[in-house]
>>> print(open('input29.txt').read())   # compact mmCIF, C-alpha atoms
# COMPACT_ATOMS: atom_id res chain seq x y z
CA MET A 35 -103.62 -198.66 -21.30
CA ALA A 36 -101.06 -200.31 -18.96
CA VAL A 37 -100.95 -203.54 -17.02
CA ARG A 38 -100.99 -202.83 -13.28
CA ILE A 39 -100.00 -205.43 -10.71
CA VAL A 40 -101.86 -206.48 -7.56
CA THR A 41 -100.22 -208.77 -5.02
CA ASP A 42 -100.32 -209.56 -1.28
CA SER A 43 -97.95 -208.98 1.62
CA ALA A 44 -96.64 -212.57 1.45
CA CYS A 45 -94.66 -211.28 -1.54
CA ASP A 46 -91.15 -210.68 -0.17
CA LEU A 47 -88.40 -208.67 -1.87
CA PRO A 48 -85.45 -206.62 -0.59
CA SER A 49 -85.99 -202.86 -0.42
CA GLU A 50 -84.25 -202.00 -3.71
CA MET A 51 -86.50 -204.40 -5.61
CA GLU A 52 -89.59 -203.25 -3.73
CA ASP A 53 -88.77 -199.74 -4.98
CA GLU A 54 -89.42 -200.96 -8.55
CA LEU A 55 -92.83 -202.24 -7.47
CA ARG A 56 -93.71 -198.97 -5.76
CA GLU A 57 -92.61 -196.91 -8.77
CA TRP A 58 -95.02 -198.90 -10.95
CA GLY A 59 -97.81 -198.40 -8.43
CA VAL A 60 -98.19 -202.04 -7.39
CA HIS A 61 -101.14 -202.63 -5.05
CA THR A 62 -100.07 -204.82 -2.12
CA ILE A 63 -102.98 -206.27 -0.14
CA PRO A 64 -101.90 -206.92 3.47
CA PHE A 65 -102.45 -210.10 5.44
CA ILE A 66 -103.87 -209.70 8.93
CA PHE A 67 -102.54 -211.44 12.02
CA HIS A 68 -104.23 -211.52 15.43
CA PHE A 69 -102.79 -211.45 18.93
CA GLY A 70 -105.92 -212.64 20.66
CA LEU A 71 -108.55 -210.02 19.79
CA GLU A 72 -106.03 -207.47 18.54
CA ALA A 73 -105.65 -207.36 14.76
CA CYS A 74 -102.45 -206.13 13.10
CA GLN A 75 -101.46 -205.68 9.48
CA ASP A 76 -98.56 -207.69 8.11
CA LYS A 77 -95.17 -205.96 7.98
CA THR A 78 -96.12 -203.14 10.35
CA MET A 79 -93.61 -204.01 13.11
CA SER A 80 -90.06 -205.28 13.34
CA MET A 81 -89.46 -209.01 13.45
CA GLU A 82 -87.87 -208.63 16.89
CA SER A 83 -91.01 -206.95 18.25
CA PHE A 84 -93.20 -209.52 16.55
CA PHE A 85 -91.47 -212.54 18.07
CA THR A 86 -91.27 -210.87 21.49
CA ARG A 87 -95.06 -210.66 21.49
CA ALA A 88 -95.60 -213.93 19.66
CA LEU A 89 -93.66 -216.01 22.17
CA ARG A 90 -96.13 -214.83 24.83
CA THR A 91 -99.29 -215.22 22.73
CA TRP A 92 -98.83 -217.00 19.43
CA PRO A 93 -100.78 -215.17 16.69
CA THR A 94 -103.15 -216.48 14.04
CA THR A 95 -103.32 -215.22 10.46
CA ALA A 96 -106.18 -214.27 8.17
CA ALA A 97 -106.26 -213.91 4.39
CA PRO A 98 -107.11 -210.51 2.88
CA ALA A 99 -110.80 -209.82 2.38
CA VAL A 100 -112.58 -209.91 -0.98
CA GLY A 101 -113.34 -206.20 -0.62
CA ALA A 102 -109.66 -205.29 -0.53
CA TYR A 103 -109.15 -206.89 -3.95
CA ALA A 104 -112.37 -205.40 -5.33
CA GLU A 105 -111.19 -201.93 -4.32
CA ALA A 106 -107.80 -202.41 -6.00
CA TYR A 107 -109.36 -203.73 -9.22
CA GLU A 108 -111.86 -200.88 -9.36
CA LYS A 109 -109.14 -198.26 -8.99
CA ILE A 110 -107.08 -199.80 -11.79
CA VAL A 111 -109.91 -200.43 -14.25
CA SER A 112 -111.52 -197.02 -13.66
CA GLN A 113 -108.26 -195.42 -14.79
CA GLY A 114 -108.42 -197.34 -18.07
CA ASP A 115 -105.74 -199.87 -17.13
CA GLN A 116 -105.76 -203.67 -16.73
CA ALA A 117 -105.07 -205.62 -13.54
CA LEU A 118 -102.89 -208.69 -13.12
CA CYS A 119 -103.20 -210.15 -9.62
CA ILE A 120 -100.54 -212.53 -8.24
CA THR A 121 -101.40 -214.35 -5.00
CA ILE A 122 -99.69 -216.60 -2.49
CA THR A 123 -100.28 -220.31 -3.20
CA GLY A 124 -103.96 -221.17 -2.99
CA ARG A 125 -103.13 -224.54 -1.41
CA HIS A 126 -102.38 -222.93 1.97
CA SER A 127 -104.41 -219.73 1.93
CA GLY A 128 -107.83 -218.45 0.94
CA THR A 129 -106.19 -215.45 -0.72
CA TYR A 130 -106.45 -216.80 -4.26
CA ASN A 131 -110.16 -217.52 -3.80
CA ALA A 132 -110.74 -214.01 -2.44
CA ALA A 133 -108.94 -212.49 -5.42
CA MET A 134 -110.95 -214.66 -7.84
CA VAL A 135 -114.30 -213.76 -6.25
CA ALA A 136 -113.52 -210.05 -6.60
CA ALA A 137 -112.47 -210.60 -10.23
CA GLN A 138 -115.86 -212.05 -11.20
CA GLU A 139 -117.16 -208.52 -11.70
CA TYR A 140 -114.76 -207.96 -14.60
CA ASP A 141 -113.98 -209.40 -18.02
CA GLU A 142 -110.80 -211.40 -18.62
CA ASP A 143 -109.29 -208.52 -20.58
CA GLN A 144 -109.72 -206.31 -17.50
CA VAL A 145 -108.59 -208.51 -14.60
CA THR A 146 -106.54 -211.73 -14.57
CA VAL A 147 -105.68 -213.62 -11.38
CA ILE A 148 -102.60 -215.87 -11.14
CA ASP A 149 -101.95 -218.37 -8.33
CA SER A 150 -98.18 -218.14 -7.78
CA ARG A 151 -98.12 -221.67 -6.27
CA SER A 152 -95.33 -220.22 -4.17
CA LEU A 153 -94.73 -217.75 -1.36
CA SER A 154 -92.27 -215.20 -0.03
CA MET A 155 -89.49 -214.46 -2.53
CA GLY A 156 -90.92 -216.99 -5.00
CA GLU A 157 -93.98 -214.77 -5.27
CA GLY A 158 -91.73 -211.71 -5.12
CA PHE A 159 -89.70 -212.73 -8.17
CA LEU A 160 -92.96 -213.20 -10.08
CA ALA A 161 -94.22 -209.75 -9.13
CA LEU A 162 -90.91 -208.16 -10.12
CA ALA A 163 -90.91 -209.95 -13.50
CA ALA A 164 -94.52 -208.87 -14.08
CA VAL A 165 -93.69 -205.23 -13.37
CA ARG A 166 -90.68 -205.26 -15.69
CA ALA A 167 -92.72 -206.86 -18.48
CA ALA A 168 -95.56 -204.38 -18.01
CA ARG A 169 -93.16 -201.44 -18.08
CA ALA A 170 -91.75 -202.79 -21.35
CA GLY A 171 -95.24 -202.65 -22.87
CA ALA A 172 -96.34 -206.29 -22.66
CA THR A 173 -100.07 -206.97 -22.89
CA LEU A 174 -102.11 -208.48 -20.06
CA ARG A 175 -102.19 -211.83 -21.85
CA GLU A 176 -98.43 -211.74 -22.44
CA VAL A 177 -97.64 -210.93 -18.81
CA ALA A 178 -99.99 -213.69 -17.62
CA GLN A 179 -98.29 -216.22 -19.88
CA LEU A 180 -94.87 -215.08 -18.64
CA MET A 181 -96.08 -215.75 -15.09
CA ARG A 182 -97.31 -219.26 -15.93
CA ASP A 183 -94.03 -220.14 -17.63
CA MET A 184 -92.01 -218.80 -14.71
CA ILE A 185 -94.14 -220.52 -12.04
CA ALA A 186 -93.15 -223.90 -13.50
CA ARG A 187 -89.48 -223.02 -12.97
CA ILE A 188 -89.56 -221.76 -9.37
CA ARG A 189 -87.89 -223.99 -6.79
CA PHE A 190 -88.49 -223.15 -3.13
CA PHE A 191 -86.74 -224.70 -0.11
CA ILE A 192 -87.12 -223.63 3.51
CA GLY A 193 -85.33 -225.10 6.50
CA LEU A 194 -87.12 -224.87 9.84
CA ASP A 195 -85.48 -224.92 13.24
CA THR A 196 -88.50 -226.80 14.55
CA LEU A 197 -91.93 -227.99 13.40
CA ASP A 198 -93.61 -226.51 16.50
CA TYR A 199 -94.83 -223.41 14.71
CA VAL A 200 -96.09 -225.32 11.67
CA VAL A 201 -98.12 -227.43 14.12
CA ARG A 202 -99.49 -224.32 15.84
CA GLY A 203 -100.56 -222.96 12.47
CA GLY A 204 -102.41 -226.17 11.64
CA ARG A 205 -100.06 -227.12 8.77
CA ALA A 206 -98.85 -230.33 10.45
CA SER A 207 -100.16 -232.69 13.12
CA ARG A 208 -98.98 -232.60 16.73
CA ALA A 209 -97.75 -236.17 16.39
CA VAL A 210 -95.46 -235.18 13.52
CA GLY A 211 -94.17 -232.22 15.51
CA LEU A 212 -93.48 -234.38 18.57
CA VAL A 213 -91.53 -236.95 16.54
CA ALA A 214 -89.46 -234.21 14.87
CA SER A 215 -88.70 -232.67 18.27
CA LEU A 216 -87.68 -235.96 19.86
CA LEU A 217 -85.38 -236.80 16.96
CA GLN A 218 -84.00 -233.23 16.84
CA LEU A 219 -84.88 -232.97 13.17
CA ARG A 220 -84.48 -229.76 11.15
CA PRO A 221 -87.10 -230.34 8.46
CA ILE A 222 -86.68 -228.87 4.98
CA LEU A 223 -89.91 -228.09 3.16
CA THR A 224 -90.36 -227.56 -0.55
CA VAL A 225 -93.31 -226.50 -2.67
CA VAL A 226 -94.79 -229.04 -5.07
CA ASP A 227 -97.62 -227.69 -7.24
CA GLY A 228 -98.28 -225.02 -4.64
CA GLU A 229 -98.29 -227.35 -1.64
CA LEU A 230 -95.65 -227.44 1.09
CA THR A 231 -94.20 -230.92 1.40
CA LEU A 232 -91.32 -232.45 3.35
CA SER A 233 -88.18 -232.62 1.23
CA ASP A 234 -85.59 -233.74 3.77
CA LYS A 235 -85.08 -234.05 7.53
CA PRO A 236 -81.44 -233.50 8.53
CA ARG A 237 -80.61 -233.86 12.23
CA SER A 238 -78.60 -230.70 12.82
CA ARG A 239 -78.79 -227.07 11.77
CA LYS A 240 -75.41 -227.32 10.07
CA ARG A 241 -76.58 -230.24 7.95
CA CYS A 242 -79.82 -228.41 7.23
CA LYS A 243 -77.90 -225.46 5.74
CA GLU A 244 -75.62 -227.75 3.76
CA ARG A 245 -78.64 -229.55 2.35
CA LEU A 246 -80.30 -226.26 1.39
CA LEU A 247 -77.18 -225.31 -0.55
CA GLN A 248 -77.10 -228.65 -2.31
CA LEU A 249 -80.78 -228.50 -3.27
CA ALA A 250 -80.28 -225.06 -4.81
CA THR A 251 -77.05 -225.79 -6.67
CA ASP A 252 -78.50 -229.03 -8.05
CA ARG A 253 -80.85 -226.80 -10.09
CA LEU A 254 -78.12 -224.95 -12.03
CA PRO A 255 -78.18 -223.11 -14.37
CA LEU A 256 -80.40 -220.49 -12.76
CA GLU A 257 -82.18 -217.35 -13.86
CA ALA A 258 -82.72 -215.93 -10.36
CA LEU A 259 -81.55 -216.82 -6.86
CA GLY A 260 -82.37 -215.45 -3.41
CA VAL A 261 -82.24 -216.19 0.32
CA MET A 262 -85.04 -215.71 2.89
CA HIS A 263 -85.02 -215.79 6.67
CA ALA A 264 -87.04 -215.11 9.81
CA ALA A 265 -84.90 -213.44 12.49
CA ALA A 266 -81.72 -215.10 11.17
CA ALA A 267 -80.04 -212.27 9.24
CA GLN A 268 -76.43 -213.30 9.84
CA GLU A 269 -76.97 -216.93 8.86
CA ALA A 270 -78.92 -215.83 5.77
CA ALA A 271 -76.04 -213.58 4.68
CA GLU A 272 -73.57 -216.43 5.21
CA LEU A 273 -75.81 -218.72 3.16
CA ALA A 274 -75.83 -216.16 0.34
CA ASP A 275 -72.03 -215.93 0.53
CA ARG A 276 -71.76 -219.70 0.15
CA LEU A 277 -74.19 -219.68 -2.76
CA ALA A 278 -72.06 -217.08 -4.55
CA VAL A 279 -68.98 -219.32 -4.23
CA LEU A 280 -70.80 -222.50 -5.25
CA THR A 281 -72.69 -221.02 -8.20
CA GLY A 282 -70.23 -218.43 -9.48
CA TRP A 283 -72.88 -215.73 -9.09
CA ALA A 284 -71.80 -212.26 -7.99
CA ARG A 285 -72.74 -211.85 -4.33
CA PRO A 286 -74.80 -208.64 -4.92
CA ALA A 287 -76.92 -210.61 -7.41
CA ILE A 288 -78.20 -212.86 -4.62
CA PRO A 289 -80.75 -210.82 -2.63
CA VAL A 290 -81.44 -211.58 1.03
CA VAL A 291 -84.82 -210.73 2.54
CA GLU A 292 -86.59 -211.15 5.86
CA VAL A 293 -90.07 -212.60 5.45
CA GLY A 294 -93.20 -210.89 6.73
CA MET A 295 -95.07 -211.61 9.93
CA ALA A 296 -97.76 -213.70 8.25
CA LEU A 297 -95.18 -216.21 7.04
CA ALA A 298 -93.05 -216.03 10.17
CA THR A 299 -96.13 -217.09 12.13
CA HIS A 300 -95.97 -220.50 10.45
CA ALA A 301 -92.21 -220.83 9.97
CA GLY A 302 -91.10 -219.62 13.39
CA PRO A 303 -87.83 -217.88 14.32
CA ALA A 304 -84.54 -218.94 12.70
CA ALA A 305 -86.17 -220.25 9.52
CA LEU A 306 -83.89 -220.10 6.45
CA GLY A 307 -84.88 -220.55 2.84
CA ILE A 308 -83.62 -220.40 -0.74
CA VAL A 309 -85.58 -219.61 -3.88
CA ALA A 310 -84.11 -220.63 -7.23
CA VAL A 311 -85.63 -219.96 -10.65
CA THR A 312 -84.24 -222.38 -13.19
CA GLN A 313 -83.43 -221.32 -16.73
CA PRO A 314 -85.95 -222.53 -19.30
CA GLN A 315 -83.53 -224.91 -20.99
CA ALA A 316 -82.81 -226.59 -17.66
CA GLU A 317 -86.37 -227.91 -17.36
CA GLU A 318 -85.76 -230.95 -19.51
CA ASN A 319 -82.85 -231.98 -17.29
CA GLU A 320 -85.06 -231.51 -14.24
CA ARG A 321 -87.65 -233.92 -15.65
CA ARG A 322 -84.98 -236.56 -16.20
CA ARG A 323 -83.77 -236.67 -12.60
CA THR A 324 -84.03 -240.05 -10.88
CA ILE A 325 -85.36 -240.69 -7.39
CA LEU A 326 -81.79 -240.51 -6.09
CA GLY A 327 -81.37 -236.96 -7.39
CA ARG A 328 -78.97 -237.98 -10.12
CA GLU A 329 -79.59 -237.10 -13.71
CA MET A 330 -80.29 -239.96 -16.06
CA PRO A 331 -77.96 -239.79 -19.06
CA ARG A 332 -79.65 -239.57 -22.40
CA ILE A 333 -78.59 -242.47 -24.61
CA GLU A 334 -78.98 -241.97 -28.32
CA LEU A 335 -79.29 -245.33 -30.05
CA PRO A 336 -77.56 -245.50 -33.45
CA HIS A 337 -79.77 -245.67 -36.49
CA ILE A 338 -79.06 -248.85 -38.43
CA GLU A 339 -80.22 -249.29 -41.99
CA LEU A 340 -81.33 -252.90 -42.36
CA PRO A 341 -80.95 -254.45 -45.84
CA HIS A 342 -84.14 -255.10 -47.73
CA ILE A 343 -84.63 -258.83 -48.17
CA GLU A 344 -86.88 -260.15 -50.92
CA LEU A 345 -88.61 -263.30 -49.74
CA PRO A 346 -89.21 -265.94 -52.42
CA HIS A 347 -92.75 -266.27 -53.67
CA ILE A 348 -94.19 -269.73 -53.06
CA ASP A 349 -97.35 -270.86 -54.75
CA LEU A 350 -99.43 -272.80 -52.24
CA PRO A 351 -101.95 -275.33 -53.53
CA ARG A 352 -105.57 -274.28 -53.41
CA PHE A 353 -108.18 -276.82 -52.48
CA GLY A 354 -111.78 -276.89 -53.49
CA ARG A 355 -114.31 -278.55 -51.18
CA ASP A 356 -113.97 -281.97 -52.89
CA ASP A 357 -110.17 -281.71 -53.04
CA ARG A 358 -110.00 -280.74 -49.36
CA ASP A 359 -112.12 -283.72 -48.34
CA GLU A 360 -109.91 -286.02 -50.41
CA HIS A 361 -106.78 -284.44 -48.90
CA GLU A 362 -108.13 -284.99 -45.35
CA ASP A 363 -108.96 -288.65 -46.13
CA ARG A 364 -105.33 -289.19 -47.01
>>> encode(input="input29.txt", output="structure tokens")
Amino acid sequence: MAVRIVTDSACDLPSEMEDELREWGVHTIPFIFHFGLEACQDKTMSMESFFTRALRTWPTTAAPAVGAYAEAYEKIVSQGDQALCITITGRHSGTYNAAMVAAQEYDEDQVTVIDSRSLSMGEGFLALAAVRAARAGATLREVAQLMRDMIARIRFFIGLDTLDYVVRGGRASRAVGLVASLLQLRPILTVVDGELTLSDKPRSRKRCKERLLQLATDRLPLEALGVMHAAAAQEAAELADRLAVLTGWARPAIPVVEVGMALATHAGPAALGIVAVTQPQAEENERRRTILGREMPRIELPHIELPHIELPHIDLPRFGRDDRDEHEDR
């Protein structure tokens, strides 16, 4: 009996890492995007072709259907194996709910569903770690616990060239998009408990990239590090080069990947992102960061042995009722 992995097409990894997933028989459930009435599967066309069409008719996206997950689970369980499903964050997609509904037909020791609370390469690093653990013989429960521990250590930052596409996808209001456009902001989003939130709003693309680098290197030491982009391959490679210099990592150890169409629909062209997985021992430092991003020093107060002082025993007079009345009269 082996643990088999199910994920979705929002899981992004470079080709050499995807090969490991394919060798283990990972089931990848595709997102669907629509150009009007025409439905297309995620990652079935080049990013150039996608944006050429998208800029004429901006697409919408749809989460995978329950039946797609049910079919994957049935194939795995019928072969005597167990299924671990990793989904894109449930805060911005119905994918996790679809995977959970399909899993209701099975016991916990047959199918376990994990919300990655991340996306793109954040989800990709989880899937890769799950495959490597499963190949090493880990049980379903052990792989699931590994995922939960790792999820808490994933840091995700994505710099957008504009908020226009986030507005089109319904992830931000038009008013917010208009203000960002007027001020020429290059918003940086992060993921907090699975939800995309605004982390910073630099006013130029150069400052946006510098801030991305700072946010990533502030999380050292790291267990994994990668760069994502949407139609910005050269800038992504340059960002990875800078990360190698700043972190001391070997450049080949920092993968660069282009996201899929489903994510590009919301991020828009020229989006750049960094995923950093902190080392377990770095988590305590992360919790002690102040609002200014500086780390609070830990101050150990000296232990002082105070001398034991014997207080003298004093016998206080005791009054009966009559004595107390007489004492009060005085």
>>> residues_around(input="input29.txt", residues="region 180-188 of chain A", least_positions_apart="5", cutoff="9 Å", atoms="only C-alpha atoms", output="PDB file with C-alpha atoms, in the coordinates of the input")
ATOM      1  CA  ILE A 120    -100.540-212.530  -8.240  1.00  0.00           C
ATOM      2  CA  ILE A 148    -102.600-215.870 -11.140  1.00  0.00           C
ATOM      3  CA  ASP A 149    -101.950-218.370  -8.330  1.00  0.00           C
ATOM      4  CA  SER A 150     -98.180-218.140  -7.780  1.00  0.00           C
ATOM      5  CA  ARG A 151     -98.120-221.670  -6.270  1.00  0.00           C
ATOM      6  CA  SER A 152     -95.330-220.220  -4.170  1.00  0.00           C
ATOM      7  CA  GLY A 156     -90.920-216.990  -5.000  1.00  0.00           C
ATOM      8  CA  GLU A 157     -93.980-214.770  -5.270  1.00  0.00           C
ATOM      9  CA  LEU A 160     -92.960-213.200 -10.080  1.00  0.00           C
ATOM     10  CA  ALA A 161     -94.220-209.750  -9.130  1.00  0.00           C
ATOM     11  CA  ALA A 163     -90.910-209.950 -13.500  1.00  0.00           C
ATOM     12  CA  ALA A 164     -94.520-208.870 -14.080  1.00  0.00           C
ATOM     13  CA  ALA A 167     -92.720-206.860 -18.480  1.00  0.00           C
ATOM     14  CA  ARG A 175    -102.190-211.830 -21.850  1.00  0.00           C
ATOM     15  CA  ASP A 227     -97.620-227.690  -7.240  1.00  0.00           C
ATOM     16  CA  VAL A 309     -85.580-219.610  -3.880  1.00  0.00           C
ATOM     17  CA  ALA A 310     -84.110-220.630  -7.230  1.00  0.00           C
ATOM     18  CA  VAL A 311     -85.630-219.960 -10.650  1.00  0.00           C
ATOM     19  CA  THR A 312     -84.240-222.380 -13.190  1.00  0.00           C
ATOM     20  CA  GLN A 313     -83.430-221.320 -16.730  1.00  0.00           C
ATOM     21  CA  PRO A 314     -85.950-222.530 -19.300  1.00  0.00           C
ATOM     22  CA  ALA A 316     -82.810-226.590 -17.660  1.00  0.00           C
ATOM     23  CA  GLU A 317     -86.370-227.910 -17.360  1.00  0.00           C
TER      24      GLU A 317
END
>>> residues_around(input="input29.txt", residues="Gly171 (chain A)", least_positions_apart="5", cutoff="9 Å", atoms="all atoms listed in the file", output="JSON, numbers by chain")
{"A": [36, 37, 166]}
>>> atom_distance(input="input29.txt", atom1="CA of Arg253 (chain A)", atom2="CA of Thr281 (chain A)")
10.2 Å
>>> closest_residue(input="input29.txt", among="A:Met35, A:Glu257, A:Arg220, A:Tyr130", to="Lys240 (chain A)", atoms="only C-alpha atoms")
A:Arg220
>>> atom_distance(input="input29.txt", atom1="CA of Leu174 (chain A)", atom2="CA of Gln116 (chain A)")
6.9 Å
>>> residues_around(input="input29.txt", residues="Glu105 (chain A)", least_positions_apart="4", cutoff="12 Å", atoms="all atoms listed in the file", output="PDB file with C-alpha atoms, in the coordinates of the input")
ATOM      1  CA  VAL A  40    -101.860-206.480  -7.560  1.00  0.00           C
ATOM      2  CA  HIS A  61    -101.140-202.630  -5.050  1.00  0.00           C
ATOM      3  CA  THR A  62    -100.070-204.820  -2.120  1.00  0.00           C
ATOM      4  CA  ILE A  63    -102.980-206.270  -0.140  1.00  0.00           C
ATOM      5  CA  PRO A  98    -107.110-210.510   2.880  1.00  0.00           C
ATOM      6  CA  ALA A  99    -110.800-209.820   2.380  1.00  0.00           C
ATOM      7  CA  VAL A 100    -112.580-209.910  -0.980  1.00  0.00           C
ATOM      8  CA  GLY A 101    -113.340-206.200  -0.620  1.00  0.00           C
ATOM      9  CA  LYS A 109    -109.140-198.260  -8.990  1.00  0.00           C
ATOM     10  CA  ILE A 110    -107.080-199.800 -11.790  1.00  0.00           C
ATOM     11  CA  VAL A 111    -109.910-200.430 -14.250  1.00  0.00           C
ATOM     12  CA  SER A 112    -111.520-197.020 -13.660  1.00  0.00           C
ATOM     13  CA  ALA A 117    -105.070-205.620 -13.540  1.00  0.00           C
ATOM     14  CA  ALA A 133    -108.940-212.490  -5.420  1.00  0.00           C
ATOM     15  CA  ALA A 136    -113.520-210.050  -6.600  1.00  0.00           C
ATOM     16  CA  ALA A 137    -112.470-210.600 -10.230  1.00  0.00           C
ATOM     17  CA  GLU A 139    -117.160-208.520 -11.700  1.00  0.00           C
TER      18      GLU A 139
END
>>> atom_distance(input="input29.txt", atom1="CA of Ala106 (chain A)", atom2="CA of Asp76 (chain A)")
17.7 Å
>>> closest_residue(input="input29.txt", among="A:Arg285, A:Thr129, A:Ala296, A:Val290", to="Cys74 (chain A)", atoms="only C-alpha atoms")
A:Ala296
>>> closest_residue(input="input29.txt", among="A:Ser83, A:Ala168, A:Thr146, A:Thr94", to="Gly59 (chain A)", atoms="all atoms listed in the file")
A:Ala168
>>> closest_residue(input="input29.txt", among="A:Ala304, A:Ala97, A:Ala270, A:Leu259", to="Ser127 (chain A)", atoms="only C-alpha atoms")
A:Ala97
>>> closest_residue(input="input29.txt", among="A:Leu223, A:Leu246, A:Ala178, A:Met295", to="Ala96 (chain A)", atoms="only C-alpha atoms")
A:Met295
>>> residues_around(input="input29.txt", residues="Lys235 (chain A)", least_positions_apart="6", cutoff="7 Å", atoms="all atoms listed in the file", output="ChimeraX atom specification")
/A:219-222
>>> closest_residue(input="input29.txt", among="A:Leu55, A:Leu89, A:Thr78, A:Thr299", to="Tyr199 (chain A)", atoms="only C-alpha atoms")
A:Thr299
>>> decode(input="input29.txt", residues="region 102-169 of chain A", atoms="C-alpha atoms", output="mmCIF file, in the first residue's frame")
data_model
loop_
_atom_site.group_PDB
_atom_site.id
_atom_site.type_symbol
_atom_site.label_atom_id
_atom_site.label_comp_id
_atom_site.auth_asym_id
_atom_site.auth_seq_id
_atom_site.Cartn_x
_atom_site.Cartn_y
_atom_site.Cartn_z
ATOM 1 C CA ALA A 102 -12.882 14.886 -11.137
ATOM 2 C CA TYR A 103 -11.715 14.310 -7.558
ATOM 3 C CA ALA A 104 -14.069 11.371 -7.063
ATOM 4 C CA GLU A 105 -12.618 9.692 -10.156
ATOM 5 C CA ALA A 106 -9.031 10.197 -8.951
ATOM 6 C CA TYR A 107 -9.806 8.861 -5.461
ATOM 7 C CA GLU A 108 -11.598 5.815 -6.856
ATOM 8 C CA LYS A 109 -8.668 4.919 -9.101
ATOM 9 C CA ILE A 110 -6.203 5.160 -6.207
ATOM 10 C CA VAL A 111 -8.273 3.323 -3.593
ATOM 11 C CA SER A 112 -9.327 0.566 -6.010
ATOM 12 C CA GLN A 113 -5.644 -0.237 -6.517
ATOM 13 C CA GLY A 114 -5.204 -0.710 -2.772
ATOM 14 C CA ASP A 115 -3.417 2.602 -2.205
ATOM 15 C CA GLN A 116 -4.243 5.701 -0.133
ATOM 16 C CA ALA A 117 -4.875 9.220 -1.441
ATOM 17 C CA LEU A 118 -3.516 12.482 -0.086
ATOM 18 C CA CYS A 119 -5.078 15.473 -1.834
ATOM 19 C CA ILE A 120 -3.420 18.920 -1.702
ATOM 20 C CA THR A 121 -5.487 21.859 -2.959
ATOM 21 C CA ILE A 122 -5.016 25.545 -3.669
ATOM 22 C CA THR A 123 -6.052 27.751 -0.733
ATOM 23 C CA GLY A 124 -9.722 27.343 0.072
ATOM 24 C CA ARG A 125 -10.023 31.059 0.873
ATOM 25 C CA HIS A 126 -9.996 31.996 -2.824
ATOM 26 C CA SER A 127 -11.303 28.904 -4.565
ATOM 27 C CA GLY A 128 -14.000 26.274 -4.219
ATOM 28 C CA THR A 129 -11.426 23.586 -5.013
ATOM 29 C CA TYR A 130 -10.894 22.509 -1.407
ATOM 30 C CA ASN A 131 -14.650 22.119 -0.888
ATOM 31 C CA ALA A 132 -14.949 20.052 -4.071
ATOM 32 C CA ALA A 133 -12.117 17.782 -2.936
ATOM 33 C CA MET A 134 -13.698 17.406 0.514
ATOM 34 C CA VAL A 135 -17.144 16.547 -0.882
ATOM 35 C CA ALA A 136 -15.632 13.792 -3.030
ATOM 36 C CA ALA A 137 -13.692 12.477 -0.015
ATOM 37 C CA GLN A 138 -16.867 11.933 2.028
ATOM 38 C CA GLU A 139 -17.299 8.556 0.346
ATOM 39 C CA TYR A 140 -14.108 7.255 1.951
ATOM 40 C CA ASP A 141 -12.648 6.652 5.403
ATOM 41 C CA GLU A 142 -9.849 8.851 6.755
ATOM 42 C CA ASP A 143 -7.337 6.048 6.286
ATOM 43 C CA GLN A 144 -8.232 5.978 2.575
ATOM 44 C CA VAL A 145 -8.411 9.664 1.591
ATOM 45 C CA THR A 146 -7.077 12.777 3.360
ATOM 46 C CA VAL A 147 -7.534 16.301 1.987
ATOM 47 C CA ILE A 148 -5.123 19.131 2.867
ATOM 48 C CA ASP A 149 -5.777 22.826 2.195
ATOM 49 C CA SER A 150 -2.352 24.187 1.194
ATOM 50 C CA ARG A 151 -3.377 27.737 2.246
ATOM 51 C CA SER A 152 -1.098 28.730 -0.607
ATOM 52 C CA LEU A 153 -0.901 28.654 -4.387
ATOM 53 C CA SER A 154 1.504 28.274 -7.289
ATOM 54 C CA MET A 155 4.970 27.190 -6.151
ATOM 55 C CA GLY A 156 3.877 27.235 -2.497
ATOM 56 C CA GLU A 157 1.481 24.414 -3.332
ATOM 57 C CA GLY A 158 4.113 22.913 -5.629
ATOM 58 C CA PHE A 159 6.720 22.604 -2.872
ATOM 59 C CA LEU A 160 4.118 20.820 -0.726
ATOM 60 C CA ALA A 161 3.287 18.339 -3.487
ATOM 61 C CA LEU A 162 6.976 17.643 -4.095
ATOM 62 C CA ALA A 163 7.632 17.076 -0.367
ATOM 63 C CA ALA A 164 4.598 14.767 -0.189
ATOM 64 C CA VAL A 165 5.840 12.681 -3.121
ATOM 65 C CA ARG A 166 9.330 12.352 -1.650
ATOM 66 C CA ALA A 167 7.934 11.321 1.731
ATOM 67 C CA ALA A 168 5.577 8.796 0.134
ATOM 68 C CA ARG A 169 8.394 7.304 -1.930
#
